[in-house]
>>> print(open('input19.cif').read())   # mmCIF, C-alpha atoms and all ligand atoms
data_input
#
loop_
_atom_site.label_atom_id
_atom_site.label_comp_id
_atom_site.auth_asym_id
_atom_site.auth_seq_id
_atom_site.Cartn_x
_atom_site.Cartn_y
_atom_site.Cartn_z
CA MET A 1 -8.82 10.00 31.97
CA SER A 2 -8.96 13.74 31.43
CA GLY A 3 -10.08 15.94 28.61
CA LYS A 4 -7.17 18.29 29.24
CA ASP A 5 -5.43 19.97 26.35
CA TYR A 6 -1.76 19.30 27.06
CA TYR A 7 -0.66 21.51 24.18
CA GLU A 8 -2.63 24.42 25.58
CA ILE A 9 -1.21 23.80 29.07
CA LEU A 10 2.32 24.07 27.72
CA GLY A 11 1.37 26.87 25.33
CA VAL A 12 2.75 25.13 22.25
CA GLY A 13 1.29 24.24 18.85
CA ARG A 14 0.28 20.70 17.91
CA GLN A 15 3.29 20.45 15.59
CA ALA A 16 5.77 21.47 18.30
CA ASP A 17 8.94 19.37 18.29
CA ALA A 18 10.58 17.80 21.33
CA GLY A 19 12.91 20.76 21.89
CA GLU A 20 10.06 23.24 21.82
CA ILE A 21 8.06 21.18 24.29
CA LYS A 22 11.02 20.91 26.64
CA ARG A 23 11.73 24.65 26.47
CA ALA A 24 8.08 25.48 27.13
CA TYR A 25 8.02 23.12 30.10
CA ARG A 26 11.26 24.51 31.57
CA LYS A 27 10.02 28.08 31.36
CA LEU A 28 6.60 27.40 32.89
CA ALA A 29 7.79 24.89 35.49
CA MET A 30 10.30 27.47 36.76
CA GLN A 31 7.53 30.04 36.96
CA TYR A 32 5.06 27.84 38.84
CA HIS A 33 7.45 25.80 41.01
CA PRO A 34 6.02 25.61 44.56
CA ASP A 35 9.38 26.77 46.02
CA LYS A 36 8.84 30.04 44.25
CA ASN A 37 5.13 30.27 45.08
CA PRO A 38 4.82 29.21 48.71
CA ASN A 39 1.27 28.59 49.94
CA ASP A 40 -0.17 29.13 46.51
CA LYS A 41 -2.47 26.21 45.72
CA GLY A 42 -3.17 27.51 42.23
CA ALA A 43 0.52 27.52 41.31
CA GLU A 44 0.97 24.06 42.79
CA ASP A 45 -1.89 22.68 40.71
CA LYS A 46 -0.52 24.36 37.63
CA PHE A 47 2.91 22.86 38.35
CA LYS A 48 1.40 19.39 38.60
CA GLU A 49 -0.55 19.91 35.40
CA LEU A 50 2.61 21.00 33.60
CA GLY A 51 4.36 17.85 34.75
CA GLU A 52 1.49 15.71 33.51
CA ALA A 53 1.39 17.49 30.14
CA TYR A 54 5.15 17.22 29.71
CA SER A 55 5.29 13.56 30.70
CA VAL A 56 2.82 12.73 27.94
CA LEU A 57 4.02 15.03 25.16
CA SER A 58 7.72 14.25 25.73
CA ASP A 59 7.10 10.53 25.25
CA PRO A 60 6.59 9.78 21.54
CA GLN A 61 4.35 6.80 22.19
CA LYS A 62 2.13 8.54 24.72
CA ARG A 63 1.98 11.61 22.52
CA THR A 64 0.83 9.63 19.48
CA GLN A 65 -1.85 8.02 21.59
CA TYR A 66 -2.93 11.32 23.04
CA ASP A 67 -3.12 12.91 19.57
CA GLN A 68 -5.19 10.03 18.33
CA PHE A 69 -7.56 9.47 21.23
CA GLY A 70 -7.42 12.67 23.27
CA HIS A 71 -6.21 10.70 26.24
CA VAL A 72 -3.52 8.21 27.12
CA GLY A 73 -4.37 4.61 27.82
CA GLY A 74 -7.63 2.71 27.81
CA ASN A 75 -11.20 3.67 28.52
CA SER A 76 -11.33 3.30 32.26
CA GLY A 77 -10.51 1.11 35.18
CA GLY A 78 -7.19 -0.62 35.52
CA PHE A 79 -6.47 -0.78 31.84
CA GLY A 80 -4.30 1.70 30.04
CA GLY A 81 -1.27 1.94 32.25
CA PHE A 82 -0.87 5.66 32.57
CA ASN A 83 -2.59 7.16 35.55
CA PRO A 84 -1.05 10.42 36.70
CA GLY A 85 -2.75 10.03 40.06
CA ALA A 86 -0.80 6.95 41.03
CA GLY A 87 2.97 6.89 41.18
CA PHE A 88 3.14 10.17 39.30
CA ASP A 89 5.49 12.75 40.75
CA PRO A 90 5.72 16.17 39.10
CA PHE A 91 8.97 16.75 40.99
CA ASP A 92 10.53 13.68 39.38
CA ILE A 93 9.80 15.15 35.99
CA PHE A 94 11.18 18.50 37.03
CA ARG A 95 14.38 16.87 38.30
CA GLU A 96 14.67 14.81 35.17
CA VAL A 97 14.41 17.80 32.86
CA PHE A 98 16.64 20.13 34.84
CA GLY A 99 19.06 17.54 36.15
CA GLY A 100 19.58 16.05 32.69
CA GLY A 101 20.22 19.43 31.15
CA PHE A 102 22.78 20.30 33.79
CA GLY A 103 24.57 17.02 33.30
CA ASP A 104 24.84 17.64 29.58
CA ILE A 105 26.52 20.98 30.05
CA PHE A 106 29.32 19.35 32.01
CA GLY A 107 29.50 16.40 29.69
CA MET A 108 28.44 13.80 32.21
CA GLY A 109 25.34 11.95 33.11
CA GLY A 110 23.82 12.80 29.75
CA SER A 111 24.30 9.36 28.27
CA ALA A 112 21.97 7.87 30.84
CA GLY A 113 19.08 9.39 28.91
CA ARG A 114 15.75 9.09 30.65
CA ARG A 115 17.13 6.98 33.47
CA SER A 116 15.87 8.62 36.62
CA ALA A 117 18.07 9.62 39.53
CA ARG A 118 17.07 6.46 41.35
CA GLY A 119 18.61 4.25 38.67
CA ARG A 120 15.38 2.67 37.49
CA GLY A 121 15.79 0.55 34.37
CA ASN A 122 14.21 1.47 31.05
CA ASP A 123 10.72 0.52 29.96
CA LEU A 124 10.39 -1.92 27.09
CA GLN A 125 7.68 -1.71 24.49
CA ILE A 126 6.33 -4.74 22.70
CA LYS A 127 3.62 -5.03 20.07
CA LEU A 128 1.03 -7.73 20.47
CA ARG A 129 -1.00 -8.70 17.41
CA LEU A 130 -4.44 -9.98 18.34
CA SER A 131 -7.17 -11.52 16.23
CA TYR A 132 -10.77 -10.40 16.69
CA GLU A 133 -11.47 -13.79 18.27
CA GLU A 134 -8.78 -13.13 20.90
CA ILE A 135 -10.02 -9.60 21.46
CA ALA A 136 -13.61 -10.80 21.85
CA ALA A 137 -12.77 -13.30 24.55
CA GLY A 138 -9.69 -11.76 26.15
CA VAL A 139 -6.43 -13.67 26.01
CA LYS A 140 -3.45 -14.76 28.07
CA LYS A 141 -0.16 -14.92 26.23
CA LYS A 142 3.41 -15.70 27.12
CA ILE A 143 5.89 -13.53 25.28
CA LYS A 144 9.65 -13.94 25.21
CA ILE A 145 11.57 -10.70 25.56
CA ARG A 146 15.23 -9.81 25.63
CA LYS A 147 16.07 -7.49 28.46
CA GLN A 148 18.64 -6.49 31.03
CA MET A 149 18.48 -8.80 34.01
CA VAL A 150 20.26 -9.04 37.34
CA CYS A 151 23.80 -10.37 36.98
CA GLU A 152 23.80 -13.53 39.03
CA SER A 153 27.53 -13.60 39.35
CA CYS A 154 27.58 -10.51 41.60
CA GLY A 155 23.94 -10.48 42.67
CA GLY A 156 23.42 -7.15 40.97
CA THR A 157 26.00 -5.22 43.02
CA GLY A 158 28.46 -4.86 40.14
CA SER A 159 31.30 -5.66 42.52
CA ALA A 160 33.42 -8.76 42.02
CA PRO A 161 32.49 -11.43 44.57
CA GLY A 162 34.46 -10.88 47.76
CA ALA A 163 35.77 -7.45 46.71
CA SER A 164 35.07 -4.45 48.90
CA MET A 165 33.20 -1.27 48.09
CA THR A 166 33.85 2.19 49.50
CA THR A 167 31.49 5.07 50.13
CA CYS A 168 31.57 7.71 47.41
CA THR A 169 33.35 10.83 48.65
CA THR A 170 31.59 13.22 46.27
CA CYS A 171 28.06 12.58 47.55
CA ARG A 172 29.00 10.88 50.84
CA GLY A 173 26.88 7.92 49.87
CA ALA A 174 23.70 9.84 49.09
CA GLY A 175 23.90 9.18 45.34
CA GLU A 176 22.74 12.72 44.65
CA VAL A 177 24.39 16.10 44.73
CA ALA A 178 22.49 19.34 45.19
CA TYR A 179 23.14 22.52 43.30
CA ARG A 180 21.36 25.84 43.03
CA GLN A 181 19.61 26.97 39.93
CA GLY A 182 17.95 30.34 40.31
CA PHE A 183 15.51 30.11 43.18
CA PHE A 184 15.75 26.40 43.60
CA SER A 185 17.93 23.83 45.05
CA VAL A 186 17.94 21.01 42.54
CA SER A 187 19.58 17.65 43.03
CA ARG A 188 21.02 15.48 40.35
CA THR A 189 22.64 12.10 40.10
CA CYS A 190 26.13 12.03 41.56
CA PRO A 191 28.54 11.97 38.59
CA GLN A 192 31.21 10.15 40.61
CA CYS A 193 29.21 7.05 41.51
CA GLN A 194 26.29 7.38 39.02
CA GLY A 195 23.86 7.59 41.91
CA GLN A 196 25.01 4.42 43.64
CA GLY A 197 26.56 6.05 46.70
CA GLU A 198 29.35 3.50 46.58
CA ILE A 199 32.48 3.09 44.52
CA ILE A 200 33.36 -0.33 43.22
CA GLU A 201 37.03 -1.25 43.71
CA HIS A 202 36.93 -4.38 41.56
CA PRO A 203 34.07 -4.56 39.07
CA CYS A 204 32.38 -7.90 38.45
CA LYS A 205 33.96 -9.46 35.35
CA LYS A 206 30.72 -10.81 33.96
CA CYS A 207 28.73 -7.54 33.92
CA HIS A 208 31.66 -5.09 33.95
CA GLY A 209 30.35 -3.47 37.13
CA GLU A 210 26.83 -2.80 35.82
CA GLY A 211 25.16 -5.42 37.98
CA ARG A 212 23.04 -6.49 35.03
CA ILE A 213 23.40 -8.52 31.86
CA ARG A 214 21.28 -9.08 28.77
CA GLY A 215 19.16 -12.16 28.86
CA GLU A 216 15.86 -13.65 27.79
CA SER A 217 12.78 -13.78 29.91
CA THR A 218 9.11 -14.56 29.50
CA VAL A 219 6.35 -12.16 30.40
CA GLU A 220 2.78 -13.19 30.84
CA VAL A 221 0.27 -10.85 29.32
CA ASP A 222 -3.31 -11.05 30.53
CA MET A 223 -5.15 -9.01 27.94
CA PRO A 224 -8.74 -8.23 28.88
CA ALA A 225 -11.53 -8.60 26.31
CA GLY A 226 -12.58 -5.58 24.30
CA VAL A 227 -9.24 -3.86 23.71
CA SER A 228 -8.55 -2.06 20.47
CA ASN A 229 -5.72 -0.84 18.28
CA GLY A 230 -3.27 1.51 19.97
CA GLN A 231 -4.33 0.74 23.53
CA TYR A 232 -1.71 -0.64 25.83
CA LEU A 233 -1.21 -2.58 28.98
CA THR A 234 1.60 -1.89 31.41
CA ILE A 235 3.27 -4.73 33.26
CA ARG A 236 5.02 -3.04 36.15
CA GLY A 237 8.56 -4.09 36.91
CA ALA A 238 8.92 -6.48 33.97
CA GLY A 239 11.25 -4.23 31.96
CA ASN A 240 15.00 -3.67 32.13
CA ILE A 241 16.51 -3.91 35.57
CA GLY A 242 18.25 -0.74 36.77
CA LEU A 243 21.96 -0.25 37.15
CA ARG A 244 23.45 -2.13 40.12
CA GLY A 245 20.28 -3.32 41.74
CA GLY A 246 18.13 -0.38 40.65
CA ALA A 247 14.41 -0.91 40.20
CA ALA A 248 13.16 -2.51 36.98
CA GLY A 249 11.31 -0.56 34.32
CA ASP A 250 7.95 -1.64 32.91
CA VAL A 251 6.91 -3.61 29.87
CA ILE A 252 4.38 -1.77 27.76
CA VAL A 253 2.29 -4.07 25.60
CA LEU A 254 0.78 -2.27 22.64
CA VAL A 255 -2.32 -3.79 21.02
CA GLU A 256 -2.33 -4.30 17.27
CA GLU A 257 -5.51 -5.62 15.67
CA GLU A 258 -5.09 -8.28 13.04
CA PRO A 259 -7.38 -7.79 10.04
CA HIS A 260 -10.00 -10.53 9.73
CA ARG A 261 -10.90 -12.45 6.59
CA TYR A 262 -14.66 -12.28 7.30
CA PHE A 263 -15.31 -9.50 9.76
CA GLU A 264 -15.02 -5.76 9.97
CA ARG A 265 -14.98 -4.11 13.38
CA HIS A 266 -17.17 -1.09 14.15
CA GLY A 267 -16.57 -0.27 17.80
CA ASP A 268 -17.67 -3.43 19.57
CA ASP A 269 -19.97 -4.49 16.74
CA ILE A 270 -18.78 -6.89 14.07
CA LEU A 271 -19.98 -6.65 10.49
CA TYR A 272 -20.32 -9.72 8.31
CA GLU A 273 -21.27 -9.67 4.62
CA LEU A 274 -23.73 -12.45 3.80
CA HIS A 275 -24.35 -13.45 0.20
CA LEU A 276 -27.77 -14.90 -0.63
CA SER A 277 -29.40 -16.06 -3.80
CA PHE A 278 -32.44 -14.20 -5.01
CA ALA A 279 -34.57 -17.23 -4.15
CA GLN A 280 -33.27 -17.39 -0.55
CA ALA A 281 -33.96 -13.69 -0.05
CA ALA A 282 -37.43 -13.92 -1.54
CA LEU A 283 -38.55 -17.16 0.12
CA GLY A 284 -36.68 -16.82 3.41
CA ASP A 285 -34.19 -19.36 4.72
CA GLU A 286 -32.10 -20.39 7.67
CA VAL A 287 -28.37 -20.12 7.05
CA GLU A 288 -25.20 -20.73 8.99
CA VAL A 289 -22.79 -17.82 9.44
CA PRO A 290 -19.39 -17.61 11.15
CA THR A 291 -19.23 -15.65 14.41
CA LEU A 292 -16.31 -14.84 16.70
CA LYS A 293 -17.32 -17.82 18.83
CA GLY A 294 -17.96 -20.45 16.19
CA LYS A 295 -20.76 -20.96 13.71
CA ALA A 296 -24.32 -19.85 14.42
CA LYS A 297 -27.64 -20.02 12.61
CA ILE A 298 -29.52 -16.97 11.47
CA SER A 299 -32.96 -16.92 9.94
CA ILE A 300 -33.63 -14.87 6.85
CA PRO A 301 -37.22 -13.61 6.77
CA PRO A 302 -39.07 -13.98 3.46
CA GLY A 303 -38.80 -10.85 1.33
CA THR A 304 -35.43 -9.76 2.72
CA GLN A 305 -34.06 -6.87 0.69
CA ASN A 306 -30.54 -6.39 -0.56
CA GLY A 307 -28.54 -4.33 1.98
CA LYS A 308 -30.73 -5.35 4.91
CA LEU A 309 -28.84 -5.52 8.19
CA LEU A 310 -29.73 -8.38 10.46
CA ARG A 311 -28.59 -8.16 14.06
CA MET A 312 -27.27 -11.03 16.15
CA ARG A 313 -27.38 -9.62 19.65
CA GLY A 314 -24.36 -10.09 21.90
CA LYS A 315 -22.30 -11.86 19.23
CA GLY A 316 -19.87 -8.96 18.90
CA ILE A 317 -16.89 -7.98 21.02
CA THR A 318 -17.11 -7.84 24.80
CA HIS A 319 -17.10 -4.26 26.10
CA LEU A 320 -13.81 -3.41 27.83
CA ASN A 321 -14.14 -3.47 31.62
CA THR A 322 -17.91 -3.08 31.69
CA GLY A 323 -19.06 -6.53 30.56
CA GLY A 324 -21.81 -7.05 28.02
CA ALA A 325 -20.98 -7.23 24.35
CA GLY A 326 -21.62 -5.65 20.99
CA ASP A 327 -23.62 -7.31 18.23
CA GLN A 328 -22.80 -9.07 15.03
CA LEU A 329 -24.39 -7.28 12.12
CA VAL A 330 -25.10 -9.37 9.08
CA ARG A 331 -25.48 -7.43 5.86
CA VAL A 332 -27.47 -9.16 3.16
CA ASN A 333 -26.07 -9.10 -0.37
CA VAL A 334 -28.48 -10.55 -2.87
CA PHE A 335 -26.62 -12.20 -5.69
CA VAL A 336 -27.71 -11.40 -9.21
CA PRO A 337 -26.76 -14.23 -11.57
CA THR A 338 -24.44 -13.28 -14.40
CA LYS A 339 -24.34 -16.49 -16.42
CA LEU A 340 -27.76 -17.74 -17.46
CA GLY A 341 -28.64 -20.69 -19.66
CA GLU A 342 -31.47 -20.59 -22.16
CA GLN A 343 -33.89 -22.32 -19.81
CA GLU A 344 -33.12 -19.94 -16.87
CA LYS A 345 -33.55 -16.96 -19.16
CA ARG A 346 -36.94 -18.23 -20.27
CA LEU A 347 -38.10 -18.85 -16.69
CA LEU A 348 -36.92 -15.44 -15.52
CA LYS A 349 -38.64 -13.69 -18.40
CA GLU A 350 -41.83 -15.49 -17.52
CA LEU A 351 -41.46 -14.44 -13.85
CA ALA A 352 -40.61 -10.87 -14.76
CA GLU A 353 -44.07 -10.39 -16.28
CA SER A 354 -45.71 -11.04 -12.91
CA GLU A 355 -47.13 -8.07 -10.98
CA CYS A 356 -45.35 -8.98 -7.75
CA MET A 357 -41.94 -8.80 -9.44
CA GLN A 358 -42.26 -5.05 -10.02
CA PRO A 359 -40.08 -2.96 -7.67
CA PRO A 360 -41.95 -0.30 -5.66
CA ARG A 361 -41.44 3.38 -6.40
CA GLY A 362 -40.53 6.20 -4.02
CA GLU A 363 -39.33 4.03 -1.21
CA LYS A 364 -36.20 4.82 0.69
CA GLY A 365 -33.02 3.66 -0.96
CA PHE A 366 -30.44 1.20 0.20
CA PHE A 367 -28.10 3.76 1.75
CA GLU A 368 -30.76 5.28 3.96
CA ARG A 369 -31.72 1.87 5.24
CA VAL A 370 -28.09 1.08 6.05
CA LYS A 371 -27.75 4.39 7.86
CA GLU A 372 -30.86 3.74 9.90
CA ALA A 373 -29.69 0.30 10.87
CA PHE A 374 -26.39 1.68 12.15
CA VAL A 375 -27.88 4.39 14.38
ZN ZN B 1 28.04 -8.89 37.82
ZN ZN B 2 28.47 9.65 44.68
#
>>> encode(input="input19.cif", output="structure tokens")
Amino acid sequence: MSGKDYYEILGVGRQADAGEIKRAYRKLAMQYHPDKNPNDKGAEDKFKELGEAYSVLSDPQKRTQYDQFGHVGGNSGGFGGFNPGAGFDPFDIFREVFGGGFGDIFGMGGSAGRRSARGRGNDLQIKLRLSYEEIAAGVKKKIKIRKQMVCESCGGTGSAPGASMTTCTTCRGAGEVAYRQGFFSVSRTCPQCQGQGEIIEHPCKKCHGEGRIRGESTVEVDMPAGVSNGQYLTIRGAGNIGLRGGAAGDVIVLVEEEPHRYFERHGDDILYELHLSFAQAALGDEVEVPTLKGKAKISIPPGTQNGKLLRMRGKGITHLNTGGAGDQLVRVNVFVPTKLGEQEKRLLKELAESECMQPPRGEKGFFERVKEAFV
């Protein structure tokens, strides 16, 4: 996405708490609001940028991700969920911040929290633990979630079947009421009808007029190959349904890598520690090693040194969105025997005399070789 510094945009420190971030946004958004700066493209852009910064830093999950990766979401393409270009409205954020604050002062509307004026349901976040094998190949999973669903008894209207509804007199059915705040005319959710525009005479008994009830549903997650810890996938419209037929929120699926008993992940490369006997390393051999896609053979050249990294091309994790794959690196660990019988000791002593058993001097050490292999 962008390399923007959201903290700098809002003029707050990295440790700023939620209140500080909100105050900074309110102050700057007022200053740069297009109503106050007509025909000023610079102010408009700044206003949009403020909205983007606030939408990320005010959401604990997005903020953590941003702090960790410098951006929100995945590397590129359709993965990652958050794309301020699509479906992102800086005016929505402005309304949310100012409208919510106003509601609180009068002791109404505040309990709805982040519910937008349009009555959209909340997002749900689920963690999905994935093994390296699943990450390497990509995986489809069905996950059961508990969420608010449409009440079938009233079809989501919240009104008892057959009962009538009347138009709200406060907002005349618009669901929003406008008020002035400084230079602006700001609208907020109608407190009389909670944005519905209609008043229910007889609430549905099953959902108590909410038009939704808690239930269980299954979401299908199609996780692409190559994802990593902390990245997430957004399934639009799979979250909680809104109040009385309002739009559904999203399900945000957060990736959690499962540690592997054999492998260590380095980007899209996979490291495997191979243990060889001295004889195998000296004479060369062909051995079987586990990979993310089953067992594979690897040949050990004669004279392989301890710490040597052998590379199995394309046996690592598939690159996210771009195709191709990382490698499996196999690090050789030459085993030095610790329990020797009399006969072995005698044979080794005999061998040790030989000229070719003497280690060379002044050659690069193990750590340098490892470093070189990783570049
Ligand atoms: Zn109902
Ligand atoms: Zn109303």
>>> atom_distance(input="input19.cif", atom1="atom CA of Ala174 of chain A", atom2="atom CA of Asp59 of chain A")
29.1 Å
>>> residues_near_ligand(input="input19.cif", ligand="ligand ZN 2 (chain B)", cutoff="7 Å", atoms="all atoms listed in the file", output="ChimeraX atom specification")
/A:168-176,190-198
>>> residues_around(input="input19.cif", residues="Arg214 of chain A", least_positions_apart="3", cutoff="10 Å", atoms="only C-alpha atoms", output="list in words")
Arg146, Lys147, Gln148, Met149, Val150, Cys151, Cys207, Ser217, Asn240 and Ile241 of chain A
>>> residues_near_ligand(input="input19.cif", ligand="ligand ZN 1 (chain B)", cutoff="8 Å", atoms="only C-alpha atoms and all ligand atoms", output="number ranges by chain")
A: 150-160, 203-213
>>> closest_residue(input="input19.cif", among="A:Ala248, A:Ala325, A:Val221, A:Leu254", to="Ile270 of chain A", atoms="only C-alpha atoms")
A:Ala325
>>> atom_distance(input="input19.cif", atom1="atom CA of Glu220 of chain A", atom2="atom CA of Ala238 of chain A")
9.6 Å
>>> build_atoms(input="input19.cif", residues="segment 123-140 of chain A", atoms="N, CA, C and O atoms", output="tab-separated table (two decimals), in the frame of the given file")
chain	number	residue	atom	x	y	z
A	123	ASP	N	11.93	1.25	30.34
A	123	ASP	CA	10.72	0.52	29.96
A	123	ASP	C	10.98	-0.16	28.62
A	123	ASP	O	11.78	0.32	27.81
A	124	LEU	N	10.30	-1.24	28.38
A	124	LEU	CA	10.39	-1.92	27.09
A	124	LEU	C	9.01	-1.92	26.46
A	124	LEU	O	8.02	-2.12	27.15
A	125	GLN	N	8.98	-1.70	25.16
A	125	GLN	CA	7.68	-1.71	24.49
A	125	GLN	C	7.59	-2.90	23.55
A	125	GLN	O	8.51	-3.15	22.77
A	126	ILE	N	6.52	-3.65	23.65
A	126	ILE	CA	6.33	-4.74	22.70
A	126	ILE	C	4.96	-4.62	22.05
A	126	ILE	O	4.01	-4.14	22.66
A	127	LYS	N	4.90	-5.06	20.79
A	127	LYS	CA	3.62	-5.03	20.07
A	127	LYS	C	3.00	-6.41	20.16
A	127	LYS	O	3.69	-7.41	20.02
A	128	LEU	N	1.72	-6.45	20.39
A	128	LEU	CA	1.03	-7.73	20.47
A	128	LEU	C	-0.11	-7.75	19.46
A	128	LEU	O	-1.08	-6.99	19.57
A	129	ARG	N	0.04	-8.60	18.44
A	129	ARG	CA	-1.00	-8.70	17.41
A	129	ARG	C	-2.09	-9.64	17.90
A	129	ARG	O	-1.81	-10.76	18.31
A	130	LEU	N	-3.32	-9.18	17.84
A	130	LEU	CA	-4.44	-9.98	18.34
A	130	LEU	C	-5.50	-10.11	17.27
A	130	LEU	O	-5.82	-9.16	16.57
A	131	SER	N	-6.05	-11.31	17.16
A	131	SER	CA	-7.17	-11.52	16.23
A	131	SER	C	-8.45	-11.02	16.90
A	131	SER	O	-8.49	-10.84	18.12
A	132	TYR	N	-9.48	-10.83	16.11
A	132	TYR	CA	-10.77	-10.40	16.69
A	132	TYR	C	-11.29	-11.45	17.67
A	132	TYR	O	-11.92	-11.12	18.66
A	133	GLU	N	-11.02	-12.72	17.37
A	133	GLU	CA	-11.47	-13.79	18.27
A	133	GLU	C	-10.81	-13.62	19.64
A	133	GLU	O	-11.46	-13.76	20.67
A	134	GLU	N	-9.50	-13.32	19.63
A	134	GLU	CA	-8.78	-13.13	20.90
A	134	GLU	C	-9.27	-11.88	21.63
A	134	GLU	O	-9.41	-11.87	22.85
A	135	ILE	N	-9.54	-10.84	20.86
A	135	ILE	CA	-10.02	-9.60	21.46
A	135	ILE	C	-11.40	-9.81	22.07
A	135	ILE	O	-11.71	-9.30	23.14
A	136	ALA	N	-12.23	-10.58	21.38
A	136	ALA	CA	-13.61	-10.80	21.85
A	136	ALA	C	-13.63	-11.53	23.18
A	136	ALA	O	-14.47	-11.25	24.04
A	137	ALA	N	-12.73	-12.47	23.35
A	137	ALA	CA	-12.77	-13.30	24.55
A	137	ALA	C	-11.77	-12.87	25.61
A	137	ALA	O	-11.87	-13.27	26.77
A	138	GLY	N	-10.80	-12.03	25.24
A	138	GLY	CA	-9.69	-11.76	26.15
A	138	GLY	C	-8.70	-12.90	26.00
A	138	GLY	O	-9.09	-14.00	25.60
A	139	VAL	N	-7.43	-12.63	26.26
A	139	VAL	CA	-6.43	-13.67	26.01
A	139	VAL	C	-5.24	-13.56	26.94
A	139	VAL	O	-4.87	-12.46	27.36
A	140	LYS	N	-4.70	-14.72	27.29
A	140	LYS	CA	-3.45	-14.76	28.07
A	140	LYS	C	-2.36	-15.24	27.14
A	140	LYS	O	-2.53	-16.24	26.46
